[in-house]
Structures are given as C-alpha cells and as structure tokens.
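Presented below is the structure to which this report refers.
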Amino acid sequence: MSSLTFHWFLPTSGDSRDVVGGGHGAPDTATGPGRRRPPTVAYLGQIARAAENLGFVGALTPTGAWCEDAWLTTAMVSQATERLKFLVAFRPGFVSPTLAAQMASTFQRQSGGRLLLNVVTGGESREQRAYGDFLDKDARYRRTGEFLHVVRELWQGGTVNLRGDHLQVEDARLTRVPDPVPEVYFGGSSPAAVEVAARHADVYLTWGEPPAQVAGKIARLREAAAREGRTLRFGIRLHVITRDTAADAWAEAHRLLDGFDPDTVREAQANLARSESEGQRRMLALHGGSRDALEIHPNLWAGIGLVRGGAGTALVGGHDEVAERIAEYHALGIDEFALSGYPHLEEAYWFGEGVLPRLAARGLWRHPEHAGAGAEETVLPVAV
C-alpha cells in the first residue's frame, strides 16, 4: 500500500484560537478575542512533537516579513523531535545559491536528513524591495530557475560555473553534499511558475481550490513536466476544521467567522487585491470578499481567505466527511497534504485522532512509524 503523506504547519507568526492573518499583504493580526500564543521554540516544539506522534511526516513553515525566519526556527525546533521533517519555505532571491546549498547540506547532517525545501519565488514586489530585491515578478521566476539549477548541480557533487541573466557563480562546489538530497516543493499558478516547476520541482504544491480547478492545474503541470522529460508529485495546502459531528465542525467555522471584524476584512481584502500572485488572485475569486456562500464545494470553506493571505480554504466537517474529501483530492492525483488549523496544537489532535484512523481503515494511510509493518498493524482505532 502506498500511503498518503500528511504535513502539519508551524505557525511562526503566532497562534490563537482565532484566525491569525498575515501574508501577501494581509494584516498580521489575530481576528478574534482569543489570546495570541507567541511562536516560541517551546510552543512550536509542542506542536512539532504532537505532529510527529500523530503520524505527520513533516511540518511546513512560512516565509516573509510577517513571521519568524524559517531556517533558524526549524533548526532549533528539530532538536525537540526525532522523525519529523521540516518543509522550510525560503526565497531564493535573498541568499546565494551556493550558500543555500551549503545550508541545506548542513541541515541534513545535523538533523539526520529531515529537511524538505519549499521554494517561494515571492509574489509581492513591495515586500521583495524591502529585502533589497528589485526584480519584477517574471524576472524573479527566471532567477529562481537559475538558482535551482545551481543548487541541484551542487547537491550532486558537481562544480558549477554559471553566467546567467541574474546569477553568476564560478567554480562553485560543496565540500560535503547532502545525504539525502532534499526534495524541492514548489508552487505558483502563473505560466512562469509552471515552467520552473516543470523543470526543477519534485512536488508541486497548490492551494486548496475546488477539485475541478485542482484537476486542471495537475493536467497543466503534468503536460509541462512531460515536455521536460520529467514527472512530478502533487500536494495541496489546506486548513482543516474536523470534529466528531459535522454540526460541531461548522459551528467552529462560524465561530471563527463571527470573530472577523468587518474593518479587518476590508483592510485584508484591499491589500490582497493588490497582490501580484496569480495563486492569490485565484484564492480571492473563491469568495469575492463576501461572507455569503463560503462553502464553495462540499466541505470546502473559503472563509479563512477573508483575512489571511495565501492558503485561504479549509476542509470542514465530520471526520468521515473530511476523509472523503481527502480521498476525492487523492483520486485527482494529490498524494501529499500540508494542513493547518487554529489553534495548531489542538487541531493537530482533532485531525490526527479523528481523520487519520479513518484513512488508515480505507487503506490510504499508515503511520510512518509502522511503514515497514503489515497492514494489520497499521489500522488505528477510529475515535467516535
């Protein structure tokens, strides 16, 4: 049985019982009256240990001015875990490719091979300029392609000389290559993003659009990768609100929605509307800034995107319903799920104890610690 892969999320901008905004120009705020939890190493370590014990393979971290640095934070949190991998988001325009390749190699050795890389080209010129990057969006993607070319050659032990349009290296070489070589995750909906993903990514990661739209993306990426003589795996980024009953899950979604101050929603939507990201534009189109008709597909709720940039949809429902939606996405070709929920510690348990056993019972998932065991040892009891 090939098992679906689940990643959880490290909220490095802070956590709360309410939605924490931020990203792509959205204000960095907690939307409701709940007390915000700071992203300390101790708290993030709690989340990471819970995710590891529950059976998540990795933990995704964001990148940007609105959160803690992903490299430093995950390097520290990794010491609190044994198996959990870290899907570190980073922007290739902010560091040299040789240094990034060396950092990744060091991370692999010091963590026992637990680094995954989520390459974020950067969709907002205003934020990029604050870091000293003045390229436009298409040029940033071309630079990302050059960057990944250099990094991958270095990881294979090669000596790299490149005079690209944006990057130059001479006699670049790593003294010690990473083992294993980190897998590269990549997202983006523009034609330039598709081109880079087809040439360089291992896993294409999309935000949580309705299945028909996701199917279209997968077909487009598969075709582009085939032209490069490559194949891709596919993952999806979603929030989750899962409970013992559908009524309880939707009650929680409505509680979160009730905590959205109208002024915060208007400010977030105005800022997000200025985003250069094609993926962000597609997220905004799912709800149009309105609180009405937010269930855009059975159990797929677009409410998070009213106040949060980036991933703005959540799977909402009883454990069986959420498991069914995951199976629906899997049937399209999605094998990896990067999930989150507010607060991240408690929601990890709701999903891990409620949904994962149901997926195991359907033969779609097994706990990583049981990967070599027989099927009869992998089916966990279903919580009721």
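Identifiers for the structure tokens are assigned positionally: chains receive A, B, ... in sequence, residues are indexed from 1 per chain, and ligands are indexed from 1 in the order shown.
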Mind dumping a table of every segment 67-158 of chain A residue within 12 Å of segment 39-60 of chain A, with the nearest atom pair and its distance in Å to one decimal, using only C-alpha atoms, sorted by chain and rising number, as CSV?
residue,atom,partner,partner_atom,distance
A:Cys67,CA,A:Pro39,CA,8.9
A:Glu68,CA,A:Pro39,CA,8.0
A:Asp69,CA,A:Pro39,CA,11.1
A:Ala70,CA,A:Leu60,CA,9.2
A:Trp71,CA,A:Leu60,CA,11.4
A:Leu72,CA,A:Val41,CA,10.4
A:Thr73,CA,A:Val41,CA,7.3
A:Thr74,CA,A:Val41,CA,8.9
A:Ala75,CA,A:Val41,CA,10.2
A:Met76,CA,A:Val41,CA,7.0
A:Val77,CA,A:Gly45,CA,5.5
A:Ser78,CA,A:Gly45,CA,8.0
A:Gln79,CA,A:Gly45,CA,8.6
A:Ala80,CA,A:Gly45,CA,5.9
A:Thr81,CA,A:Arg49,CA,5.9
A:Glu82,CA,A:Glu52,CA,8.1
A:Arg83,CA,A:Glu52,CA,6.8
A:Leu84,CA,A:Gly58,CA,5.2
A:Lys85,CA,A:Gly58,CA,4.2
A:Phe86,CA,A:Ala59,CA,4.9
A:Leu87,CA,A:Leu60,CA,4.5
A:Val88,CA,A:Leu60,CA,6.2
A:Ala89,CA,A:Leu60,CA,7.4
A:Phe90,CA,A:Leu60,CA,11.1
A:Gly113,CA,A:Gly58,CA,11.9
A:Arg114,CA,A:Gly58,CA,8.4
A:Leu115,CA,A:Gly58,CA,8.9
A:Leu116,CA,A:Gly58,CA,8.3
A:Leu117,CA,A:Leu60,CA,9.2
A:Asn118,CA,A:Leu60,CA,8.2
A:Val119,CA,A:Leu60,CA,11.6
Who sits within 12 Å of Leu162 of chain A, only C-alpha atoms, same chain under 6 positions skipped, as a tab-separated table (two decimals) with N, CA, C and O atoms, in the first residue's frame:
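This is the output file around.tsv:
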chain	number	residue	atom	x	y	z
A	97	PRO	N	22.94	30.97	-4.20
A	97	PRO	CA	22.61	29.55	-4.36
A	97	PRO	C	23.65	28.64	-3.72
A	97	PRO	O	23.31	27.58	-3.19
A	98	THR	N	24.93	29.03	-3.75
A	98	THR	CA	25.96	28.19	-3.14
A	98	THR	C	25.78	28.14	-1.63
A	98	THR	O	25.90	27.06	-1.02
A	146	GLU	N	17.44	29.69	-12.44
A	146	GLU	CA	18.90	29.66	-12.39
A	146	GLU	C	19.38	29.18	-11.03
A	146	GLU	O	20.32	28.38	-10.93
A	147	PHE	N	18.74	29.65	-9.99
A	147	PHE	CA	19.10	29.28	-8.61
A	147	PHE	C	18.98	27.78	-8.42
A	147	PHE	O	19.91	27.13	-7.92
A	148	LEU	N	17.87	27.21	-8.81
A	148	LEU	CA	17.66	25.78	-8.60
A	148	LEU	C	18.59	24.95	-9.47
A	148	LEU	O	19.00	23.84	-9.07
A	149	HIS	N	18.93	25.44	-10.64
A	149	HIS	CA	19.91	24.75	-11.48
A	149	HIS	C	21.24	24.63	-10.74
A	149	HIS	O	21.84	23.54	-10.67
A	150	VAL	N	21.70	25.74	-10.16
A	150	VAL	CA	22.98	25.73	-9.44
A	150	VAL	C	22.91	24.80	-8.22
A	150	VAL	O	23.79	23.96	-8.00
A	151	VAL	N	21.85	24.96	-7.42
A	151	VAL	CA	21.73	24.19	-6.19
A	151	VAL	C	21.70	22.69	-6.47
A	151	VAL	O	22.38	21.90	-5.82
A	153	GLU	N	22.87	21.04	-9.07
A	153	GLU	CA	24.17	20.58	-9.53
A	153	GLU	C	25.15	20.43	-8.37
A	153	GLU	O	25.92	19.46	-8.29
A	154	LEU	N	25.11	21.38	-7.45
A	154	LEU	CA	25.99	21.30	-6.28
A	154	LEU	C	25.65	20.11	-5.41
A	154	LEU	O	26.53	19.42	-4.89
A	168	GLN	N	25.45	34.61	-11.04
A	168	GLN	CA	26.75	34.18	-11.53
A	168	GLN	C	27.49	33.47	-10.41
A	168	GLN	O	27.55	33.96	-9.29
A	169	VAL	N	28.03	32.30	-10.73
A	169	VAL	CA	28.91	31.60	-9.80
A	169	VAL	C	30.10	31.07	-10.59
A	169	VAL	O	29.98	30.74	-11.78
A	170	GLU	N	31.23	30.97	-9.92
A	170	GLU	CA	32.45	30.50	-10.58
A	170	GLU	C	33.10	29.44	-9.70
A	170	GLU	O	33.37	29.68	-8.51
A	171	ASP	N	33.31	28.26	-10.27
A	171	ASP	CA	33.95	27.13	-9.58
A	171	ASP	C	33.26	26.85	-8.24
A	171	ASP	O	33.90	26.58	-7.22
A	172	ALA	N	31.93	26.89	-8.25
A	172	ALA	CA	31.18	26.60	-7.03
A	172	ALA	C	31.15	25.10	-6.79
A	172	ALA	O	30.91	24.31	-7.71
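Nearest to Ala26 of chain A of all the residues A:Arg233, A:Arg308, A:Lys217, A:His319 is A:Arg308, counting only C-alpha atoms.
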Calculated over only C-alpha atoms, which of the candidates A:Ala268, A:Ala360, A:Ala212, A:Ala130 has the smallest distance to Asp28 of chain A? A:Ala268
Per DSSP on the backbone, filter segment 243-310 of chain A down to the residues in strand (DSSP E or B) and report them as an MDAnalysis selection string. chainID A and resid 243 295:297 300:301 308
Take atom CA of Thr242 of chain A and atom CA of Phe351 of chain A and report the distance between them in Å, one decimal.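 Interatomic distance, atom CA of Thr242 of chain A to atom CA of Phe351 of chain A: 6.3 Å.
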What lies within 6 Å of Ile334 of chain A using only C-alpha atoms, ignoring chain neighbours under 4 positions off, as an MDAnalysis selection string? chainID A and resid 234:235 329:330
What is the distance between atom CA of Arg291 of chain A and atom CA of Ile304 of chain A, in Å to one decimal?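 Computed distance, atom CA of Arg291 of chain A to atom CA of Ile304 of chain A, equals 10.4 Å.
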By how many Å are atom CA of Ala327 of chain A and atom CA of Val240 of chain A apart?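 Interatomic distance here is 14.5 Å.
Residues with any atom within 10 Å of Ala273 of chain A, counting only C-alpha atoms and excluding same-chain neighbours fewer than 6 positions away, are His24, Gly25, Ala26, Glu267, Gln280, Arg281, Leu284 and Gly289 of chain A.
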Using only N, CA, C and O atoms, please write the residues we just selected to a file, as a PDB file, in the first residue's frame.
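Written output follows (again.pdb):
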ATOM      1  N   HIS A  24       1.081  37.955   1.984  1.00  0.00           N
ATOM      2  CA  HIS A  24       0.587  38.558   0.744  1.00  0.00           C
ATOM      3  C   HIS A  24      -0.113  39.896   0.993  1.00  0.00           C
ATOM      4  O   HIS A  24      -1.074  40.235   0.308  1.00  0.00           O
ATOM      5  N   GLY A  25       0.352  40.629   1.979  1.00  0.00           N
ATOM      6  CA  GLY A  25      -0.194  41.956   2.238  1.00  0.00           C
ATOM      7  C   GLY A  25      -1.306  42.001   3.244  1.00  0.00           C
ATOM      8  O   GLY A  25      -1.746  43.088   3.645  1.00  0.00           O
ATOM      9  N   ALA A  26      -1.819  40.845   3.709  1.00  0.00           N
ATOM     10  CA  ALA A  26      -2.869  40.848   4.729  1.00  0.00           C
ATOM     11  C   ALA A  26      -2.268  41.294   6.063  1.00  0.00           C
ATOM     12  O   ALA A  26      -1.115  41.009   6.358  1.00  0.00           O
ATOM     13  N   GLU A 267      -9.716  45.699   5.161  1.00  0.00           N
ATOM     14  CA  GLU A 267      -8.296  46.009   5.010  1.00  0.00           C
ATOM     15  C   GLU A 267      -7.544  44.849   4.360  1.00  0.00           C
ATOM     16  O   GLU A 267      -6.721  45.051   3.453  1.00  0.00           O
ATOM     17  N   GLN A 280      -2.872  33.929  -5.448  1.00  0.00           N
ATOM     18  CA  GLN A 280      -3.670  34.745  -4.539  1.00  0.00           C
ATOM     19  C   GLN A 280      -4.914  35.269  -5.234  1.00  0.00           C
ATOM     20  O   GLN A 280      -5.988  35.326  -4.642  1.00  0.00           O
ATOM     21  N   ARG A 281      -4.782  35.654  -6.492  1.00  0.00           N
ATOM     22  CA  ARG A 281      -5.956  36.103  -7.243  1.00  0.00           C
ATOM     23  C   ARG A 281      -6.998  34.989  -7.319  1.00  0.00           C
ATOM     24  O   ARG A 281      -8.203  35.246  -7.150  1.00  0.00           O
ATOM     25  N   LEU A 284      -8.800  34.727  -3.960  1.00  0.00           N
ATOM     26  CA  LEU A 284      -9.782  35.794  -3.757  1.00  0.00           C
ATOM     27  C   LEU A 284     -11.052  35.549  -4.568  1.00  0.00           C
ATOM     28  O   LEU A 284     -12.154  35.876  -4.118  1.00  0.00           O
ATOM     29  N   GLY A 289     -14.658  38.378  -1.444  1.00  0.00           N
ATOM     30  CA  GLY A 289     -14.707  39.303  -0.324  1.00  0.00           C
ATOM     31  C   GLY A 289     -16.005  39.270   0.456  1.00  0.00           C
ATOM     32  O   GLY A 289     -16.186  40.056   1.388  1.00  0.00           O
TER      33      GLY A 289
END
Identify, with DSSP run on backbone atoms, the residues in segment 16-80 of chain A assigned to alpha helix (DSSP H), and express the list as a ChimeraX atom specification. /A:41-54,70-77
Selected residue, from A:Leu332, A:His367, A:Arg255, A:Ala201, that lies nearest to Glu228 of chain A when counting only C-alpha atoms: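 Among the listed residues, the smallest separation from Glu228 of chain A belongs to A:Ala201.
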When you count only C-alpha atoms, which of these residues is closest to Thr231 of chain A: A:Ala285, A:Ala139, A:Ala314, A:Ala219? A:Ala219
Between A:His200, A:Asp138, A:Gly310, A:Asn299, which has the minimum distance to Gly64 of chain A (counting only C-alpha atoms)?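 Answer, going by the shortest atom-to-atom distance: A:Gly310.
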So that I can see what lies close to Arg126 of chain A, please list as number ranges by chain the residues with an atom at most 12 Å from it, counting only C-alpha atoms and leaving out residues fewer than 2 positions away in the same chain. A: 24-25, 64-65, 122-124, 128-137, 271, 274-276
